[in-house]
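**Student:** Take this structure first; my questions come after.
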Amino acid sequence: MTPTNPRRFPASAWLPIVVSLVLPGLALLVPAPPVRAQGANFRLPVDSIESLLRRGSFGRPNELEPLGAREGGSWRTSLRFEDGPEVPVKWAPAPEGGEAFNNAPRYEVAAYEVQKLFLEPGEYVVPPTVVRAVPPERYRRARGGPGPTFEGAESVLVVLQYFLSDVTDEDVFDTARFEADSVYARAWANTNLLTYLIQHNDSNEGNLLISTDPSEPRVFAVDNGLSFDSPWSNRGTRWRVLQVTRFPASSVFRLREVGTEELHRRLGVLAQWEVRDGLLVRVEPGENLDPETGIRRGDGVVQLGLTAGEIDGLWRRLRDFLRTVDQGRMTLF
């Protein structure tokens, strides 16, 4: 209500009230620190890499170099796309049946998709990751790999993840630098937020990497097969919980906009194929055939996705995180 005598309320008297009302809102409008849209590790824009890996036509993979001793095997190689560039990738065939301990394509893809809830491409923690159905003539060079993923189709499901070169696993997390360097802190806070949300269950050396360029301290989670409701492992769960207490305000703001319906819509069906002439042919995701299972088959259709229980668990962790923020137990920057 307007005062009957404005002279009793000089402008200086209103200033503290206006400031107290406006400043909290302005905190949410402060732009995030500038982030490179691509970065030294990416030869192409991230969206372009994802599109190539998901839909691009390629021939046989080039020379395959084994990576670690993971059951089922994964290799470093490169793919030459028709009318396009050669792209370095991690090539990880799925086991027969589509899933095994530490080899769960749906978890790898889900981790990549979850980060999109609160990060822009220039800050992605998980490099572009997709799952492709590869026909047998292209797959034969993958030595020692499993046979067809599913009975009734000759195709092999293969996780393709963009391979990072300018990274290291040495001295990955530096507490002093986290406190002093806001860009470094932002990268690590977003990484820890993702590993917490997906219940990352594999702290083995080499699964979290940091860029070697000190001017661009990007952090990456490159092996997420042990996450969500994966079986317990003895590989360490350090990053399954929140190790830091400072988080970017922009990431928190975006997570506040996420609801359960969106989570089920985006994560319930991550990939879908139809069996045609004995091969798996990718099609657009349709209605969830069975929310209670992660690998679904029916009427010539194969689906991969998170189960309803896994999505509900993600939702609980998201809400628990926001609750700690609202209780003042986390600092935003």
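We name chains A, B, ... following the order of the structure tokens; residues begin at 1 in each chain, and ligands are numbered from 1 as shown.
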Which residues of region 155-269 of chain A have any atom within 12 Å of an atom in region 40-44 of chain A when counting only C-alpha atoms, and what is the closest pair of atoms for each, with the distance in Å to one decimal? Order the rows by chain and rising number and write it as a Markdown table.
**Tutor:**
```
| residue | atom | partner | partner_atom | distance |
| --- | --- | --- | --- | --- |
| A:Tyr162 | CA | A:Phe42 | CA | 8.7 |
| A:Phe163 | CA | A:Asn41 | CA | 8.8 |
| A:Leu164 | CA | A:Asn41 | CA | 6.0 |
| A:Ser165 | CA | A:Asn41 | CA | 6.6 |
| A:Asp166 | CA | A:Asn41 | CA | 5.9 |
| A:Val167 | CA | A:Asn41 | CA | 8.0 |
| A:Thr168 | CA | A:Asn41 | CA | 11.8 |
| A:Leu209 | CA | A:Asn41 | CA | 11.8 |
| A:Ile210 | CA | A:Asn41 | CA | 10.6 |
| A:Ser211 | CA | A:Asn41 | CA | 7.8 |
| A:Thr212 | CA | A:Asn41 | CA | 9.5 |
| A:Asp213 | CA | A:Ala40 | CA | 8.0 |
| A:Pro214 | CA | A:Ala40 | CA | 11.2 |
| A:Ser215 | CA | A:Ala40 | CA | 10.3 |
| A:Glu216 | CA | A:Ala40 | CA | 8.1 |
| A:Pro217 | CA | A:Ala40 | CA | 10.6 |
| A:Arg218 | CA | A:Asn41 | CA | 9.3 |
| A:Val219 | CA | A:Asn41 | CA | 11.1 |
| A:Phe220 | CA | A:Asn41 | CA | 10.7 |
```
**Student:** Using N, CA and C atoms, can you export the residues from the last selection as an mmCIF file, in the first residue's frame?
**Tutor:**
```cif
data_model
loop_
_atom_site.group_PDB
_atom_site.id
_atom_site.type_symbol
_atom_site.label_atom_id
_atom_site.label_comp_id
_atom_site.auth_asym_id
_atom_site.auth_seq_id
_atom_site.Cartn_x
_atom_site.Cartn_y
_atom_site.Cartn_z
ATOM 1 N N TYR A 162 33.710 -41.796 -26.829
ATOM 2 C CA TYR A 162 34.792 -40.968 -27.371
ATOM 3 C C TYR A 162 36.018 -41.104 -26.477
ATOM 4 N N PHE A 163 37.171 -41.383 -27.113
ATOM 5 C CA PHE A 163 38.391 -41.654 -26.350
ATOM 6 C C PHE A 163 39.181 -40.369 -26.144
ATOM 7 N N LEU A 164 39.506 -40.095 -24.884
ATOM 8 C CA LEU A 164 40.249 -38.894 -24.512
ATOM 9 C C LEU A 164 41.739 -39.188 -24.484
ATOM 10 N N SER A 165 42.526 -38.273 -25.020
ATOM 11 C CA SER A 165 43.974 -38.476 -25.083
ATOM 12 C C SER A 165 44.744 -37.583 -24.123
ATOM 13 N N ASP A 166 44.334 -36.322 -24.003
ATOM 14 C CA ASP A 166 45.085 -35.364 -23.193
ATOM 15 C C ASP A 166 44.573 -35.355 -21.758
ATOM 16 N N VAL A 167 44.688 -36.517 -21.104
ATOM 17 C CA VAL A 167 44.205 -36.671 -19.732
ATOM 18 C C VAL A 167 45.198 -37.516 -18.936
ATOM 19 N N THR A 168 45.059 -37.456 -17.621
ATOM 20 C CA THR A 168 45.917 -38.252 -16.741
ATOM 21 C C THR A 168 45.117 -38.688 -15.525
ATOM 22 N N LEU A 209 39.522 -39.106 -14.679
ATOM 23 C CA LEU A 209 40.692 -38.517 -15.335
ATOM 24 C C LEU A 209 40.576 -37.004 -15.331
ATOM 25 N N ILE A 210 41.723 -36.333 -15.354
ATOM 26 C CA ILE A 210 41.744 -34.877 -15.435
ATOM 27 C C ILE A 210 42.587 -34.467 -16.629
ATOM 28 N N SER A 211 42.191 -33.382 -17.280
ATOM 29 C CA SER A 211 42.923 -32.927 -18.459
ATOM 30 C C SER A 211 44.333 -32.510 -18.075
ATOM 31 N N THR A 212 45.264 -32.724 -18.983
ATOM 32 C CA THR A 212 46.664 -32.387 -18.714
ATOM 33 C C THR A 212 46.946 -30.909 -18.923
ATOM 34 N N ASP A 213 46.035 -30.190 -19.538
ATOM 35 C CA ASP A 213 46.197 -28.755 -19.752
ATOM 36 C C ASP A 213 45.798 -28.028 -18.468
ATOM 37 N N PRO A 214 46.754 -27.412 -17.740
ATOM 38 C CA PRO A 214 46.418 -26.778 -16.465
ATOM 39 C C PRO A 214 45.461 -25.599 -16.609
ATOM 40 N N SER A 215 45.387 -25.026 -17.803
ATOM 41 C CA SER A 215 44.479 -23.901 -18.011
ATOM 42 C C SER A 215 43.046 -24.363 -18.262
ATOM 43 N N GLU A 216 42.864 -25.669 -18.435
ATOM 44 C CA GLU A 216 41.534 -26.218 -18.689
ATOM 45 C C GLU A 216 41.335 -27.468 -17.821
ATOM 46 N N PRO A 217 41.079 -27.278 -16.529
ATOM 47 C CA PRO A 217 41.010 -28.415 -15.606
ATOM 48 C C PRO A 217 39.685 -29.173 -15.696
ATOM 49 N N ARG A 218 39.447 -29.833 -16.820
ATOM 50 C CA ARG A 218 38.256 -30.661 -16.986
ATOM 51 C C ARG A 218 38.471 -32.005 -16.300
ATOM 52 N N VAL A 219 37.421 -32.540 -15.715
ATOM 53 C CA VAL A 219 37.466 -33.848 -15.064
ATOM 54 C C VAL A 219 36.459 -34.753 -15.763
ATOM 55 N N PHE A 220 36.831 -36.025 -15.964
ATOM 56 C CA PHE A 220 35.989 -36.943 -16.728
ATOM 57 C C PHE A 220 35.808 -38.265 -15.979
#
```
**Student:** With a distance cut-off of 9 Å and only C-alpha atoms, select the neighbouring residues of Ser251 (chain A), excluding the residue or stretch itself and same-chain residues fewer than 2 positions from it, and output the selection as an MDAnalysis selection string.
**Tutor:** chainID A and resid 117:119 190 247:249 253:256
**Student:** Please list as a VMD selection string every residue within 12 Å of Glu261 (chain A), counting only C-alpha atoms and excluding residues in the same chain fewer than 4 positions away.
**Tutor:** chain A and resid 257 265 to 268 308 311 to 312 315
**Student:** Only N, CA and C atoms, please: the residues just picked out, written as a compact mmCIF listing (two decimals), in the first residue's frame.
**Tutor:**
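Okay, result16.txt is ready:
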```txt
# COMPACT_ATOMS: atom_id res chain seq x y z
N GLU A 257 14.70 -28.00 -11.38
CA GLU A 257 13.66 -28.03 -12.41
C GLU A 257 13.30 -29.45 -12.84
N ARG A 265 10.82 -40.47 -18.40
CA ARG A 265 10.73 -40.28 -19.85
C ARG A 265 12.11 -40.34 -20.50
N ARG A 266 13.11 -39.75 -19.88
CA ARG A 266 14.43 -39.68 -20.50
C ARG A 266 15.30 -40.91 -20.26
N LEU A 267 15.04 -41.62 -19.16
CA LEU A 267 15.94 -42.71 -18.78
C LEU A 267 15.29 -44.09 -18.84
N GLY A 268 13.97 -44.13 -18.94
CA GLY A 268 13.29 -45.42 -18.95
C GLY A 268 13.62 -46.26 -20.18
N ALA A 308 12.37 -48.85 -13.21
CA ALA A 308 11.63 -47.86 -12.42
C ALA A 308 12.28 -47.69 -11.05
N ILE A 311 15.42 -45.54 -11.36
CA ILE A 311 15.07 -44.13 -11.57
C ILE A 311 14.56 -43.52 -10.27
N ASP A 312 13.76 -44.26 -9.53
CA ASP A 312 13.28 -43.75 -8.24
C ASP A 312 14.44 -43.53 -7.27
N TRP A 315 16.03 -40.30 -8.20
CA TRP A 315 15.19 -39.20 -7.75
C TRP A 315 15.38 -38.94 -6.26
```
**Student:** Step one, run DSSP on the backbone; step two, keep only residues of region 153-191 of chain A assigned to strand (DSSP E); then write them as a list in words.
**Tutor:**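 Strand (DSSP E) members of region 153-191 of chain A, listed: Val156, Leu157, Val158, Val159, Leu160, Gln161, Tyr162, Val167 and Thr168 of chain A.
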**Student:** Could those residues be written to a file, using C-alpha atoms, as a compact mmCIF listing (two decimals), in the first residue's frame?
**Tutor:**
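Output file again_18.txt follows:
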```txt
# COMPACT_ATOMS: atom_id res chain seq x y z
CA VAL A 156 26.60 -57.44 -31.31
CA LEU A 157 25.84 -54.50 -29.04
CA VAL A 158 28.94 -52.35 -28.58
CA VAL A 159 29.39 -49.33 -26.34
CA LEU A 160 31.21 -46.56 -28.19
CA GLN A 161 32.72 -43.84 -26.04
CA TYR A 162 34.79 -40.97 -27.37
CA VAL A 167 44.21 -36.67 -19.73
CA THR A 168 45.92 -38.25 -16.74
```
**Student:** With only C-alpha atoms as the basis for distance, which of A:Val222, A:Arg55, A:Pro146, A:Asp320 is at the shortest distance from Ala100 (chain A)?
**Tutor:**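 Among the listed residues, A:Pro146 lies closest to Ala100 (chain A).
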**Student:** Excluding same-chain residues fewer than 2 positions from Gln303 (chain A), what lies within 7 Å of it counting only C-alpha atoms, as number ranges by chain?
**Tutor:** A: 269, 271-273, 295-297, 301, 305
**Student:** Write the residues you've just listed into a file as a compact mmCIF listing (two decimals), in the first residue's frame, and include N, CA and C atoms for each of them.
**Tutor:**
```
# COMPACT_ATOMS: atom_id res chain seq x y z
N VAL A 269 13.68 -45.61 -21.34
CA VAL A 269 14.08 -46.29 -22.58
C VAL A 269 15.23 -45.49 -23.18
N ALA A 271 17.60 -46.85 -25.40
CA ALA A 271 17.87 -47.28 -26.78
C ALA A 271 16.92 -48.41 -27.13
N GLN A 272 16.58 -48.48 -28.42
CA GLN A 272 15.64 -49.51 -28.87
C GLN A 272 16.01 -49.97 -30.27
N TRP A 273 15.83 -51.28 -30.50
CA TRP A 273 16.10 -51.87 -31.82
C TRP A 273 14.95 -52.80 -32.20
N ILE A 295 16.65 -54.74 -19.35
CA ILE A 295 16.83 -55.29 -20.70
C ILE A 295 15.52 -55.98 -21.06
N ARG A 296 14.87 -55.49 -22.12
CA ARG A 296 13.52 -55.95 -22.45
C ARG A 296 13.46 -56.48 -23.88
N ARG A 297 12.72 -57.57 -24.05
CA ARG A 297 12.53 -58.15 -25.38
C ARG A 297 11.07 -58.52 -25.55
N VAL A 301 11.39 -56.73 -30.68
CA VAL A 301 11.92 -55.45 -30.19
C VAL A 301 12.87 -55.72 -29.03
N GLY A 305 17.24 -49.73 -20.82
CA GLY A 305 16.92 -48.54 -20.05
C GLY A 305 17.10 -48.80 -18.57
```
**Student:** Report the distance between CA of Pro93 (chain A) and CA of Asp223 (chain A) in Å, rounded to one decimal place.
**Tutor:** 13.8 Å
**Student:** So that I can see what lies close to Glu179 (chain A), please list as a list in words the residues with an atom at most 12 Å from it, counting only C-alpha atoms and leaving out residues fewer than 2 positions away in the same chain.
**Tutor:**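 Non-adjacent residues within range: Phe173, Asp174, Thr175, Ala176, Arg177, Asp181, Ser182, Val183, Tyr184, Ala185, Arg186, Trp188, Ala189, Val244, Thr245, Arg246, Phe247, Thr331 and Phe333 of chain A.
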**Student:** With C-alpha atoms kept, could you save the residues just selected as a JSON list (two decimals), in the first residue's frame?
**Tutor:**
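The resulting out-v1.json:
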```json
[["chain", "number", "residue", "atom", "x", "y", "z"],
["A", 173, "PHE", "CA", 42.03, -34.45, -6.87],
["A", 174, "ASP", "CA", 43.91, -31.61, -5.17],
["A", 175, "THR", "CA", 42.12, -30.31, -2.07],
["A", 176, "ALA", "CA", 44.15, -27.09, -1.87],
["A", 177, "ARG", "CA", 43.51, -26.29, -5.51],
["A", 181, "ASP", "CA", 40.78, -22.30, -8.08],
["A", 182, "SER", "CA", 37.10, -21.73, -8.90],
["A", 183, "VAL", "CA", 37.35, -23.29, -12.38],
["A", 184, "TYR", "CA", 38.98, -26.43, -10.97],
["A", 185, "ALA", "CA", 36.41, -26.48, -8.16],
["A", 186, "ARG", "CA", 33.55, -26.20, -10.63],
["A", 188, "TRP", "CA", 35.28, -31.34, -9.63],
["A", 189, "ALA", "CA", 32.00, -30.35, -7.99],
["A", 244, "VAL", "CA", 32.97, -31.83, -1.61],
["A", 245, "THR", "CA", 30.63, -29.24, -0.10],
["A", 246, "ARG", "CA", 30.76, -26.47, -2.72],
["A", 247, "PHE", "CA", 28.68, -26.68, -5.89],
["A", 331, "THR", "CA", 27.94, -23.69, -0.35],
["A", 333, "PHE", "CA", 29.31, -20.44, -6.04]]
```
**Student:** Under the rule that only C-alpha atoms are counted, which of A:Arg106, A:Lys90, A:Lys116, A:His264 is the nearest residue to Pro61 (chain A)?
**Tutor:** A:Lys90
**Student:** Skipping near chain neighbours, those fewer than 3 positions away, what residues fall within 10 Å of Asp83 (chain A) using only C-alpha atoms, listed as a PyMOL selection string?
**Tutor:** chain A and resi 56-58+80+86
**Student:** Could you pull out the helix (DSSP H, G or I) residues of region 43-258 of chain A from DSSP and send them as a count of residues only?
**Tutor:** 63
